[in-house]
$ cat work24.cif   # mmCIF, C-alpha atoms and all ligand atoms
data_entry
#
loop_
_atom_site.label_atom_id
_atom_site.label_comp_id
_atom_site.auth_asym_id
_atom_site.auth_seq_id
_atom_site.Cartn_x
_atom_site.Cartn_y
_atom_site.Cartn_z
CA MET A 1 66.48 92.96 117.87
CA SER A 2 67.43 93.88 121.41
CA SER A 3 70.95 93.42 122.67
CA ASN A 4 71.89 90.14 124.38
CA TRP A 5 75.00 91.70 125.80
CA SER A 6 75.10 92.94 129.35
CA ALA A 7 75.10 96.66 128.97
CA LYS A 8 77.31 99.31 130.49
CA THR A 9 76.04 102.81 131.01
CA GLY A 10 77.93 105.52 129.12
CA SER A 11 78.57 109.04 130.36
CA GLU A 12 75.48 110.34 128.49
CA GLY A 13 73.29 107.76 130.18
CA LEU A 14 73.21 105.53 127.07
CA THR A 15 73.53 101.81 127.50
CA ARG A 16 76.50 100.32 125.73
CA PRO A 17 77.44 96.71 125.00
CA ASP A 18 80.11 95.13 127.13
CA TRP A 19 82.86 94.94 124.50
CA ASP A 20 85.09 92.80 126.70
CA ALA A 21 82.30 90.21 126.95
CA ILE A 22 81.78 90.36 123.18
CA ARG A 23 85.48 89.89 122.58
CA LEU A 24 85.40 86.76 124.74
CA GLU A 25 82.97 85.27 122.22
CA PHE A 26 85.82 84.96 119.68
CA PRO A 27 87.94 81.96 120.74
CA ALA A 28 90.69 82.57 118.16
CA LEU A 29 91.45 86.03 119.56
CA HIS A 30 92.61 84.54 122.84
CA GLN A 31 95.89 82.92 121.95
CA SER A 32 99.59 83.66 121.92
CA VAL A 33 101.49 84.15 118.70
CA ASN A 34 105.28 84.12 118.91
CA GLY A 35 105.00 84.29 122.69
CA CYS A 36 102.83 87.43 122.66
CA PRO A 37 99.05 87.84 122.91
CA LEU A 38 97.53 87.93 119.44
CA ALA A 39 96.37 91.34 118.21
CA TYR A 40 94.34 90.70 115.07
CA PHE A 41 94.15 93.62 112.63
CA ASP A 42 93.35 91.69 109.45
CA HIS A 43 89.56 91.73 109.59
CA ALA A 44 89.31 93.07 106.02
CA ALA A 45 90.95 89.87 104.72
CA THR A 46 88.77 87.67 106.89
CA SER A 47 87.09 88.24 110.22
CA GLN A 48 87.40 86.04 113.29
CA LYS A 49 84.34 83.95 114.15
CA PRO A 50 82.22 84.12 117.28
CA ARG A 51 81.25 80.97 119.16
CA ARG A 52 77.66 81.42 117.98
CA VAL A 53 78.71 80.89 114.35
CA ILE A 54 81.04 77.98 115.13
CA ASN A 55 78.37 76.31 117.27
CA ALA A 56 75.63 76.72 114.67
CA MET A 57 77.78 75.00 112.04
CA THR A 58 78.85 72.26 114.44
CA HIS A 59 75.23 71.69 115.43
CA TYR A 60 74.23 71.24 111.80
CA TYR A 61 76.92 68.63 111.22
CA GLN A 62 76.20 66.87 114.51
CA SER A 63 72.41 66.84 114.28
CA ASP A 64 70.86 67.86 110.97
CA ASN A 65 73.44 66.93 108.35
CA ALA A 66 71.66 66.01 105.10
CA ASN A 67 71.37 67.40 101.61
CA VAL A 68 68.76 70.10 100.97
CA HIS A 69 65.73 70.24 98.64
CA ARG A 70 65.80 66.55 97.79
CA GLY A 71 64.79 64.28 100.61
CA VAL A 72 61.51 63.39 102.24
CA HIS A 73 63.40 62.10 105.24
CA ASN A 74 63.45 64.03 108.43
CA LEU A 75 67.07 65.17 108.39
CA SER A 76 66.83 66.47 104.83
CA GLN A 77 63.70 68.38 105.71
CA ARG A 78 65.38 69.87 108.76
CA ALA A 79 68.43 70.87 106.72
CA THR A 80 66.17 72.42 104.06
CA THR A 81 64.22 74.35 106.68
CA VAL A 82 67.31 75.94 108.24
CA TYR A 83 68.86 76.61 104.82
CA GLU A 84 65.75 78.38 103.53
CA ALA A 85 65.25 80.19 106.83
CA ALA A 86 68.75 81.58 106.33
CA ARG A 87 67.69 82.92 102.94
CA THR A 88 64.66 84.65 104.45
CA LYS A 89 66.81 86.09 107.23
CA THR A 90 69.43 87.35 104.76
CA ALA A 91 66.68 89.00 102.68
CA ARG A 92 65.36 90.77 105.78
CA PHE A 93 68.91 91.72 106.90
CA LEU A 94 69.48 93.46 103.55
CA GLY A 95 65.98 94.83 103.09
CA ALA A 96 65.41 92.78 99.92
CA ALA A 97 61.86 92.76 98.56
CA ASP A 98 61.72 88.98 98.29
CA SER A 99 63.84 86.05 99.51
CA SER A 100 64.10 84.70 95.94
CA GLU A 101 66.35 87.70 95.25
CA ILE A 102 69.02 86.12 97.46
CA ILE A 103 71.33 83.72 95.63
CA PHE A 104 73.83 81.85 97.78
CA THR A 105 77.27 81.63 96.20
CA SER A 106 80.76 80.81 97.41
CA GLY A 107 81.61 84.48 97.99
CA THR A 108 81.94 87.95 96.51
CA THR A 109 84.26 86.75 93.75
CA ALA A 110 81.80 84.06 92.65
CA SER A 111 78.87 86.50 92.81
CA ILE A 112 80.56 89.12 90.64
CA ASN A 113 81.76 86.50 88.16
CA LEU A 114 78.23 85.14 87.89
CA VAL A 115 76.89 88.58 86.98
CA ALA A 116 79.81 89.44 84.68
CA GLN A 117 79.34 86.18 82.79
CA SER A 118 75.61 85.75 82.77
CA TRP A 119 74.41 89.34 82.69
CA GLY A 120 77.43 90.27 80.55
CA ASN A 121 76.62 87.66 77.91
CA ALA A 122 72.96 88.70 77.82
CA HIS A 123 73.40 92.47 77.79
CA LEU A 124 76.85 93.53 76.51
CA LYS A 125 77.71 93.99 72.85
CA PRO A 126 80.57 95.64 70.94
CA GLY A 127 80.75 99.35 71.65
CA ASP A 128 78.98 99.14 75.03
CA GLU A 129 80.78 100.42 78.09
CA VAL A 130 81.28 98.94 81.56
CA LEU A 131 82.36 101.43 84.20
CA VAL A 132 84.29 100.54 87.37
CA THR A 133 86.36 102.76 89.67
CA GLY A 134 90.11 102.83 90.19
CA LEU A 135 89.57 101.58 93.75
CA GLU A 136 88.36 98.09 92.88
CA HIS A 137 89.56 94.82 94.33
CA HIS A 138 90.65 92.53 91.47
CA ALA A 139 87.37 90.63 92.05
CA ASN A 140 85.44 93.60 90.65
CA LEU A 141 87.90 94.32 87.85
CA VAL A 142 89.14 91.08 86.29
CA PRO A 143 85.66 89.54 85.67
CA TRP A 144 84.67 92.73 83.82
CA GLN A 145 87.88 92.64 81.78
CA MET A 146 86.96 89.07 80.84
CA ALA A 147 83.36 90.02 80.02
CA CYS A 148 84.54 92.90 77.84
CA THR A 149 87.03 90.70 76.00
CA ARG A 150 84.25 88.17 75.36
CA THR A 151 81.62 90.63 74.20
CA GLY A 152 83.60 93.46 72.60
CA ALA A 153 82.45 95.97 75.23
CA ARG A 154 84.88 98.56 76.57
CA LEU A 155 85.99 98.82 80.20
CA LYS A 156 86.38 102.33 81.59
CA ILE A 157 87.89 103.26 84.94
CA VAL A 158 86.88 106.31 87.00
CA PRO A 159 90.15 107.81 88.28
CA VAL A 160 91.15 108.03 91.94
CA ASN A 161 92.45 111.30 93.39
CA GLU A 162 95.49 111.71 95.65
CA ARG A 163 93.35 111.27 98.77
CA GLY A 164 92.19 107.87 97.53
CA GLU A 165 88.72 109.09 96.62
CA VAL A 166 86.62 108.90 93.47
CA SER A 167 84.70 112.10 92.83
CA THR A 168 81.01 112.02 92.06
CA GLU A 169 81.62 114.58 89.29
CA ALA A 170 84.04 112.17 87.60
CA VAL A 171 81.50 109.34 87.91
CA SER A 172 78.81 111.55 86.43
CA GLU A 173 81.01 112.51 83.46
CA MET A 174 81.91 108.92 82.75
CA LEU A 175 78.36 107.53 82.89
CA THR A 176 77.64 108.05 79.20
CA SER A 177 74.89 106.97 76.85
CA GLY A 178 77.08 103.95 76.00
CA THR A 179 77.40 102.76 79.61
CA ARG A 180 75.49 99.56 80.33
CA MET A 181 76.91 98.61 83.73
CA PHE A 182 78.40 100.60 86.61
CA ALA A 183 80.07 98.22 89.08
CA PHE A 184 81.78 99.72 92.12
CA CYS A 185 82.92 98.95 95.63
CA TRP A 186 80.98 100.66 98.39
CA ILE A 187 84.05 100.54 100.62
CA SER A 188 87.59 100.10 99.33
CA ASN A 189 89.41 97.18 100.93
CA ALA A 190 92.83 98.75 100.30
CA LEU A 191 92.22 102.30 101.58
CA GLY A 192 88.93 102.20 103.48
CA THR A 193 87.34 104.88 101.27
CA ILE A 194 83.55 104.93 101.61
CA ASN A 195 81.84 105.72 98.31
CA PRO A 196 78.43 107.44 98.20
CA ALA A 197 76.72 104.28 96.96
CA GLN A 198 73.17 105.54 97.03
CA GLU A 199 73.96 108.75 95.15
CA TRP A 200 75.93 106.90 92.48
CA VAL A 201 73.20 104.30 91.98
CA GLU A 202 70.60 107.05 91.67
CA MET A 203 72.68 108.81 89.02
CA ALA A 204 73.18 105.59 87.05
CA ARG A 205 69.57 104.46 87.30
CA LYS A 206 68.28 107.82 86.04
CA ARG A 207 70.30 107.11 82.90
CA GLY A 208 69.02 103.52 82.62
CA ILE A 209 72.37 101.99 83.62
CA THR A 210 72.52 98.71 85.57
CA THR A 211 74.45 98.87 88.85
CA LEU A 212 76.41 96.34 90.88
CA ILE A 213 77.75 97.09 94.34
CA ASP A 214 80.67 95.16 95.77
CA ALA A 215 79.73 95.26 99.46
CA ALA A 216 82.41 92.84 100.69
CA GLN A 217 83.82 95.46 103.08
CA VAL A 218 80.44 96.81 104.14
CA VAL A 219 78.48 93.93 105.64
CA ALA A 220 80.11 93.78 109.09
CA HIS A 221 80.34 97.56 109.43
CA LYS A 222 77.22 99.28 108.16
CA PRO A 223 73.56 98.40 107.84
CA ILE A 224 72.37 97.86 104.27
CA ASN A 225 68.89 98.83 103.12
CA LEU A 226 68.44 97.71 99.54
CA GLN A 227 65.17 99.58 99.17
CA GLU A 228 67.01 102.85 99.88
CA ILE A 229 70.07 102.07 97.78
CA GLY A 230 68.15 100.77 94.78
CA CYS A 231 71.03 98.91 93.12
CA ASP A 232 70.39 96.06 90.68
CA PHE A 233 73.01 93.74 92.18
CA LEU A 234 74.92 93.61 95.46
CA CYS A 235 77.55 91.05 96.45
CA PHE A 236 79.34 90.04 99.64
CA SER A 237 81.13 87.23 101.46
CA ALA A 238 80.08 85.72 104.79
CA HIS A 239 83.66 85.38 105.99
CA LYS A 240 84.15 89.15 106.24
CA MET A 241 81.13 89.48 108.54
CA MET A 242 82.07 86.96 111.26
CA GLY A 243 80.69 84.07 109.18
CA PRO A 244 82.46 81.17 107.49
CA THR A 245 84.56 81.04 104.33
CA GLY A 246 83.17 79.58 101.12
CA THR A 247 79.77 81.28 101.43
CA GLY A 248 78.49 84.51 99.96
CA VAL A 249 75.50 86.26 98.53
CA LEU A 250 74.46 87.65 95.21
CA TYR A 251 71.44 89.90 95.61
CA GLY A 252 69.64 90.94 92.46
CA ILE A 253 66.34 92.66 91.77
CA LYS A 254 64.02 89.83 90.73
CA SER A 255 63.17 91.22 87.30
CA VAL A 256 66.88 91.64 86.58
CA LEU A 257 67.87 88.21 87.91
CA GLU A 258 65.18 86.74 85.66
CA THR A 259 67.18 87.89 82.63
CA LEU A 260 70.19 85.79 83.72
CA ASP A 261 70.86 82.39 82.24
CA PRO A 262 72.54 79.96 84.61
CA VAL A 263 76.31 79.73 84.38
CA PHE A 264 76.40 76.29 85.98
CA GLY A 265 74.04 73.48 85.07
CA GLY A 266 73.36 70.44 87.21
CA GLY A 267 71.28 69.31 90.15
CA ASP A 268 68.75 71.56 91.84
CA MET A 269 68.67 74.23 89.11
CA ILE A 270 66.36 72.48 86.62
CA ASP A 271 62.66 72.15 86.07
CA GLU A 272 62.69 69.26 83.57
CA VAL A 273 65.54 67.44 81.91
CA SER A 274 65.54 65.18 78.87
CA TYR A 275 68.59 63.75 77.14
CA GLU A 276 68.32 66.57 74.62
CA ARG A 277 67.51 69.65 76.62
CA SER A 278 66.53 71.11 79.98
CA THR A 279 64.38 73.84 81.40
CA TRP A 280 65.30 75.89 84.41
CA ALA A 281 63.84 76.05 87.88
CA ASP A 282 62.51 79.32 89.25
CA LEU A 283 64.67 81.79 91.14
CA PRO A 284 66.68 81.47 93.27
CA TYR A 285 67.37 77.79 92.54
CA ARG A 286 68.21 78.15 88.89
CA LEU A 287 71.36 80.07 89.85
CA GLU A 288 72.37 77.60 92.61
CA ALA A 289 73.39 74.43 90.79
CA GLY A 290 74.63 71.51 92.85
CA THR A 291 74.78 70.91 96.57
CA PRO A 292 75.20 74.30 98.19
CA ASN A 293 77.44 75.14 101.12
CA ILE A 294 74.74 74.28 103.65
CA SER A 295 76.84 74.63 106.80
CA GLY A 296 78.25 77.88 105.42
CA VAL A 297 74.80 79.34 104.91
CA ILE A 298 73.85 78.28 108.44
CA GLY A 299 77.00 80.02 109.67
CA LEU A 300 76.05 83.15 107.73
CA SER A 301 72.64 83.11 109.37
CA ALA A 302 74.25 82.87 112.83
CA ALA A 303 76.61 85.73 111.91
CA ILE A 304 73.61 87.92 111.07
CA ASP A 305 72.08 87.05 114.46
CA PHE A 306 75.37 87.92 116.13
CA LEU A 307 75.69 91.36 114.49
CA GLU A 308 72.04 92.16 115.16
CA SER A 309 72.35 91.10 118.80
CA ILE A 310 74.87 93.91 119.24
CA GLY A 311 73.01 96.42 117.09
CA TRP A 312 74.18 98.77 114.34
CA ALA A 313 74.20 101.92 116.46
CA SER A 314 76.66 100.31 118.87
CA ILE A 315 78.80 98.80 116.11
CA LEU A 316 79.05 102.09 114.21
CA GLU A 317 79.94 104.02 117.35
CA ARG A 318 82.53 101.47 118.48
CA GLU A 319 84.28 101.19 115.13
CA SER A 320 84.36 104.90 114.56
CA GLU A 321 85.90 105.41 117.99
CA LEU A 322 88.53 102.70 117.43
CA LEU A 323 89.35 104.18 114.03
CA SER A 324 89.87 107.70 115.41
CA TYR A 325 92.08 106.31 118.15
CA ALA A 326 94.19 104.24 115.72
CA LEU A 327 94.51 107.12 113.22
CA GLU A 328 95.71 109.44 115.96
CA LYS A 329 98.29 106.92 117.20
CA LEU A 330 99.66 105.98 113.79
CA ARG A 331 99.72 109.55 112.50
CA ASN A 332 102.19 110.45 115.24
CA ILE A 333 104.74 107.79 114.38
CA PRO A 334 107.72 109.34 112.56
CA ARG A 335 108.37 107.94 109.03
CA ILE A 336 104.82 106.64 108.64
CA ARG A 337 102.92 107.88 105.60
CA PHE A 338 99.25 107.09 105.10
CA ILE A 339 98.26 105.91 101.63
CA GLY A 340 94.89 107.44 101.00
CA GLU A 341 93.33 109.96 103.35
CA PRO A 342 89.68 109.79 102.31
CA LYS A 343 87.28 112.13 104.13
CA LEU A 344 84.78 109.31 104.52
CA ARG A 345 86.53 106.16 105.64
CA SER A 346 85.88 102.86 107.34
CA GLY A 347 88.19 101.04 109.75
CA VAL A 348 91.02 100.47 107.28
CA ILE A 349 94.35 102.30 107.50
CA SER A 350 96.92 101.71 104.77
CA PHE A 351 100.41 103.06 105.36
CA ILE A 352 104.03 102.73 104.43
CA ALA A 353 107.13 103.57 106.43
CA ASP A 354 109.73 105.52 104.45
CA GLY A 355 112.50 103.23 103.23
CA VAL A 356 110.96 100.08 104.73
CA HIS A 357 109.44 97.26 102.71
CA PRO A 358 105.91 96.47 103.98
CA TYR A 359 106.82 92.76 104.25
CA ASP A 360 109.76 93.56 106.57
CA LEU A 361 107.58 95.65 108.84
CA GLY A 362 104.78 93.04 108.73
CA THR A 363 107.23 90.28 109.68
CA LEU A 364 108.62 92.23 112.62
CA LEU A 365 105.10 92.98 113.84
CA ASP A 366 104.16 89.29 113.54
CA GLU A 367 107.08 88.52 115.83
CA GLN A 368 105.24 90.62 118.42
CA GLY A 369 101.94 88.81 117.87
CA ILE A 370 100.46 91.53 115.67
CA ALA A 371 98.62 90.40 112.54
CA LEU A 372 98.11 92.89 109.74
CA ARG A 373 98.10 92.53 106.00
CA THR A 374 100.99 93.57 103.79
CA GLY A 375 101.15 93.74 100.00
CA HIS A 376 98.95 95.00 97.19
CA HIS A 377 95.64 93.86 98.76
CA CYS A 378 94.44 92.52 95.38
CA ALA A 379 94.40 96.09 94.10
CA GLN A 380 97.56 96.26 91.99
CA PRO A 381 96.42 99.09 89.68
CA LEU A 382 95.54 101.21 92.73
CA MET A 383 98.97 100.60 94.26
CA ARG A 384 100.56 101.57 90.93
CA HIS A 385 98.49 104.78 90.98
CA PHE A 386 100.24 105.68 94.24
CA GLY A 387 103.64 104.63 92.83
CA ILE A 388 104.12 101.83 95.36
CA SER A 389 104.10 98.05 95.29
CA GLY A 390 102.06 97.64 98.45
CA THR A 391 101.25 98.89 101.93
CA CYS A 392 100.82 97.68 105.48
CA ARG A 393 97.11 97.61 106.23
CA VAL A 394 95.48 97.75 109.63
CA SER A 395 91.83 96.75 109.48
CA LEU A 396 89.61 97.04 112.51
CA ALA A 397 86.50 95.29 113.73
CA LEU A 398 84.20 95.59 116.70
CA TYR A 399 86.30 93.02 118.59
CA ASN A 400 89.48 95.10 118.56
CA ASN A 401 90.28 97.24 121.57
CA HIS A 402 92.36 100.23 122.65
CA GLU A 403 95.00 98.13 124.33
CA GLU A 404 95.72 96.32 121.05
CA ILE A 405 96.04 99.64 119.26
CA ASP A 406 98.48 100.85 121.94
CA ARG A 407 100.51 97.67 121.39
CA LEU A 408 100.42 98.23 117.62
CA ASP A 409 101.76 101.75 118.08
CA LEU A 410 104.64 100.60 120.30
CA ALA A 411 105.41 97.59 118.10
CA ILE A 412 105.65 99.72 114.92
CA ARG A 413 107.94 102.19 116.72
CA SER A 414 110.22 99.44 117.99
CA ALA A 415 110.27 97.65 114.59
CA LEU A 416 111.23 100.89 112.86
CA ARG A 417 114.00 101.53 115.42
CA LEU A 418 115.32 98.02 114.81
CA ILE A 419 115.29 98.44 111.02
CA THR A 420 117.01 101.84 111.30
CA ASN A 421 119.76 100.39 113.51
CA VAL A 422 120.31 97.46 111.11
CA ASP A 423 120.43 99.88 108.17
CA LYS A 424 123.17 101.99 109.79
N1 LIG B 1 85.76 92.84 97.02
C1 LIG B 1 86.33 93.44 98.05
C2 LIG B 1 86.07 94.91 98.29
C3 LIG B 1 87.14 92.71 98.92
O1 LIG B 1 87.68 93.32 99.98
C4 LIG B 1 87.36 91.34 98.66
C5 LIG B 1 88.30 90.53 99.52
C6 LIG B 1 86.71 90.74 97.59
C7 LIG B 1 85.93 91.53 96.77
C8 LIG B 1 86.81 89.28 97.31
O2 LIG B 1 86.18 88.58 98.34
P1 LIG B 1 86.22 86.98 98.38
O3 LIG B 1 85.62 86.63 99.68
O4 LIG B 1 85.47 86.47 97.21
O5 LIG B 1 87.68 86.62 98.30
N2 LIG B 1 89.29 91.29 100.14
C9 LIG B 1 90.42 90.81 100.71
C10 LIG B 1 91.33 91.64 101.34
O6 LIG B 1 91.22 92.85 101.44
N3 LIG B 1 92.33 90.89 101.81
O7 LIG B 1 92.09 89.61 101.52
C11 LIG B 1 90.90 89.54 100.83
#

$ encode --input "work24.cif" --output "structure tokens" --more "lines below"
Ligand code: 7TS
Amino acid sequence: MSSNWSAKTGSEGLTRPDWDAIRLEFPALHQSVNGCPLAYFDHAATSQKPRRVINAMTHYYQSDNANVHRGVHNLSQRATTVYEAARTKTARFLGAADSSEIIFTSGTTASINLVAQSWGNAHLKPGDEVLVTGLEHHANLVPWQMACTRTGARLKIVPVNERGEVSTEAVSEMLTSGTRMFAFCWISNALGTINPAQEWVEMARKRGITTLIDAAQVVAHKPINLQEIGCDFLCFSAHKMMGPTGTGVLYGIKSVLETLDPVFGGGDMIDEVSYERSTWADLPYRLEAGTPNISGVIGLSAAIDFLESIGWASILERESELLSYALEKLRNIPRIRFIGEPKLRSGVISFIADGVHPYDLGTLLDEQGIALRTGHHCAQPLMRHFGISGTCRVSLALYNNHEEIDRLDLAIRSALRLITNVDK
């Protein structure tokens, strides 16, 4: 899709999006917090939403609001058309072979739980192994712990090195003849580490092992081509890619999804129901019981349009440039220590300041209008691995700019000066 954004010409003669104009599309970014302009560095927790997404959802509620798949009336048909068009668009966005491979869920957590329960019940037995990495968000750890407890399978964790990376050699060693599932994050939310997803999937598939990729931190930052990656399952949330909360995707290869029994029963997921028993509808409906998050799916569709209107080449270039700039600035602040220095990283920087609790630093930065996340980032075992209780985390998106990073740099320096003076 060609760019809608008025282009600027770069020094090499390339056209570039007008990032200031793009930033203006995000109403929430243009406000004061504690008397200062907001600088939002918490994209990894949830992204801000462009007008296009907000308007698409408002339009649905104002004009097309009706339930899907069940009415002959005009509004219901309109709602169904946009809902199913969103499925087709999502399938194309990911390079899925068929739109029935796209299951709409409430988010990454729901998608992984669905697989861990349904696939886990069907395929795991005592003595089997499930492999995850030490980098996982709790959403890709706890459901597997639960599945293993239920089925008698064993959960194994590929260790993380001091740079915050998981080595491919370690993965290879731990993918044994007993491994049934290898579930891993493509990008770590806590450290920004980018894992070689395609290589790991290839290794696992050669050994007949099913793979699940947690792509929650990928969708707004990198293009995904499922035909190249070849994973069995892939999960993400709309709200981390400029879309709304409460909506997500479970992708699964059709033949694999067909082995899953529904976890939820109810409306929309059945073929025929008697008082005694029921039969299931075809994919994808059999895994989408009940009224779905229609407005959320419409918002997701608009978010895909938004990202594609800018284009991946521009997004990748922009985010990499912002990341280098932020790393350079933060690296030069005395007392700051990065947690995790992966060679391949996305726009996430986790750090601690010697002798300063992350919450204290986060609170002082908030007083200057700067929003970043503090704490364990739903990765407690990973924090324990580094011997800390949490970090401050800066996470970047295409809507951040250099001026905000300059303000972040100055704000951290002044907060640390303040804390040092209080400590004396
Ligand atoms: N997996 C990863 C890699 C994540 O970053 C998150 C959310 C999830 C799964 C769960 O996504 P959800 O939409 O179902 O909640 N990560 C974060 C974070 O880093 N800060 O807040 C939420």

$ closest_residue --input "work24.cif" --among "A:Ser47, A:Ile294, A:Leu418, A:Phe306" --to "A:Thr81" --atoms "only C-alpha atoms"
A:Ile294

$ residues_near_ligand --input "work24.cif" --ligand "ligand LIG 1 (chain B)" --cutoff "9 Å" --atoms "all atoms listed in the file" --output "PyMOL selection string"
chain A and resi 42-46+106-112+135-140+184-190+214-218+235-240+245-248+373+377-379+393+395

$ write_last_selection --input "work24.cif" --atoms "C-alpha atoms" --output "short mmCIF file (atom, residue, chain, number, x, y, z; two decimals), in the coordinates of the input"
data_model
loop_
_atom_site.label_atom_id
_atom_site.label_comp_id
_atom_site.auth_asym_id
_atom_site.auth_seq_id
_atom_site.Cartn_x
_atom_site.Cartn_y
_atom_site.Cartn_z
CA ASP A 42 93.35 91.69 109.45
CA HIS A 43 89.56 91.73 109.59
CA ALA A 44 89.31 93.07 106.02
CA ALA A 45 90.95 89.87 104.72
CA THR A 46 88.77 87.67 106.89
CA SER A 106 80.76 80.81 97.41
CA GLY A 107 81.61 84.48 97.99
CA THR A 108 81.94 87.95 96.51
CA THR A 109 84.26 86.75 93.75
CA ALA A 110 81.80 84.06 92.65
CA SER A 111 78.87 86.50 92.81
CA ILE A 112 80.56 89.12 90.64
CA LEU A 135 89.57 101.58 93.75
CA GLU A 136 88.36 98.09 92.88
CA HIS A 137 89.56 94.82 94.33
CA HIS A 138 90.65 92.53 91.47
CA ALA A 139 87.37 90.63 92.05
CA ASN A 140 85.44 93.60 90.65
CA PHE A 184 81.78 99.72 92.12
CA CYS A 185 82.92 98.95 95.63
CA TRP A 186 80.98 100.66 98.39
CA ILE A 187 84.05 100.54 100.62
CA SER A 188 87.59 100.10 99.33
CA ASN A 189 89.41 97.18 100.93
CA ALA A 190 92.83 98.75 100.30
CA ASP A 214 80.67 95.16 95.77
CA ALA A 215 79.73 95.26 99.46
CA ALA A 216 82.41 92.84 100.69
CA GLN A 217 83.82 95.46 103.08
CA VAL A 218 80.44 96.81 104.14
CA CYS A 235 77.55 91.05 96.45
CA PHE A 236 79.34 90.04 99.64
CA SER A 237 81.13 87.23 101.46
CA ALA A 238 80.08 85.72 104.79
CA HIS A 239 83.66 85.38 105.99
CA LYS A 240 84.15 89.15 106.24
CA THR A 245 84.56 81.04 104.33
CA GLY A 246 83.17 79.58 101.12
CA THR A 247 79.77 81.28 101.43
CA GLY A 248 78.49 84.51 99.96
CA ARG A 373 98.10 92.53 106.00
CA HIS A 377 95.64 93.86 98.76
CA CYS A 378 94.44 92.52 95.38
CA ALA A 379 94.40 96.09 94.10
CA ARG A 393 97.11 97.61 106.23
CA SER A 395 91.83 96.75 109.48
#

$ atom_distance --input "work24.cif" --atom1 "atom CA of A:Tyr285" --atom2 "atom CA of A:Ile270"
8.0 Å

$ closest_residue --input "work24.cif" --among "A:Val219, A:Ile22, A:Ile194, A:Ile253" --to "A:Ala97" --atoms "all atoms listed in the file"
A:Ile253

$ residues_around --input "work24.cif" --residues "stretch 129-131 of chain A" --least-positions-apart "3" --cutoff "7 Å" --atoms "only C-alpha atoms" --output "mmCIF file with C-alpha atoms, in the frame of the given file"
data_model
loop_
_atom_site.group_PDB
_atom_site.id
_atom_site.type_symbol
_atom_site.label_atom_id
_atom_site.label_comp_id
_atom_site.auth_asym_id
_atom_site.auth_seq_id
_atom_site.Cartn_x
_atom_site.Cartn_y
_atom_site.Cartn_z
ATOM 1 C CA ALA A 153 82.450 95.970 75.230
ATOM 2 C CA ARG A 154 84.880 98.560 76.570
ATOM 3 C CA LEU A 155 85.990 98.820 80.200
ATOM 4 C CA LYS A 156 86.380 102.330 81.590
ATOM 5 C CA ILE A 157 87.890 103.260 84.940
ATOM 6 C CA GLY A 178 77.080 103.950 76.000
ATOM 7 C CA THR A 179 77.400 102.760 79.610
ATOM 8 C CA ARG A 180 75.490 99.560 80.330
ATOM 9 C CA MET A 181 76.910 98.610 83.730
ATOM 10 C CA PHE A 182 78.400 100.600 86.610
ATOM 11 C CA ALA A 183 80.070 98.220 89.080
#

$ atom_distance --input "work24.cif" --atom1 "atom CA of A:Ala122" --atom2 "atom CA of A:Glu276"
22.8 Å
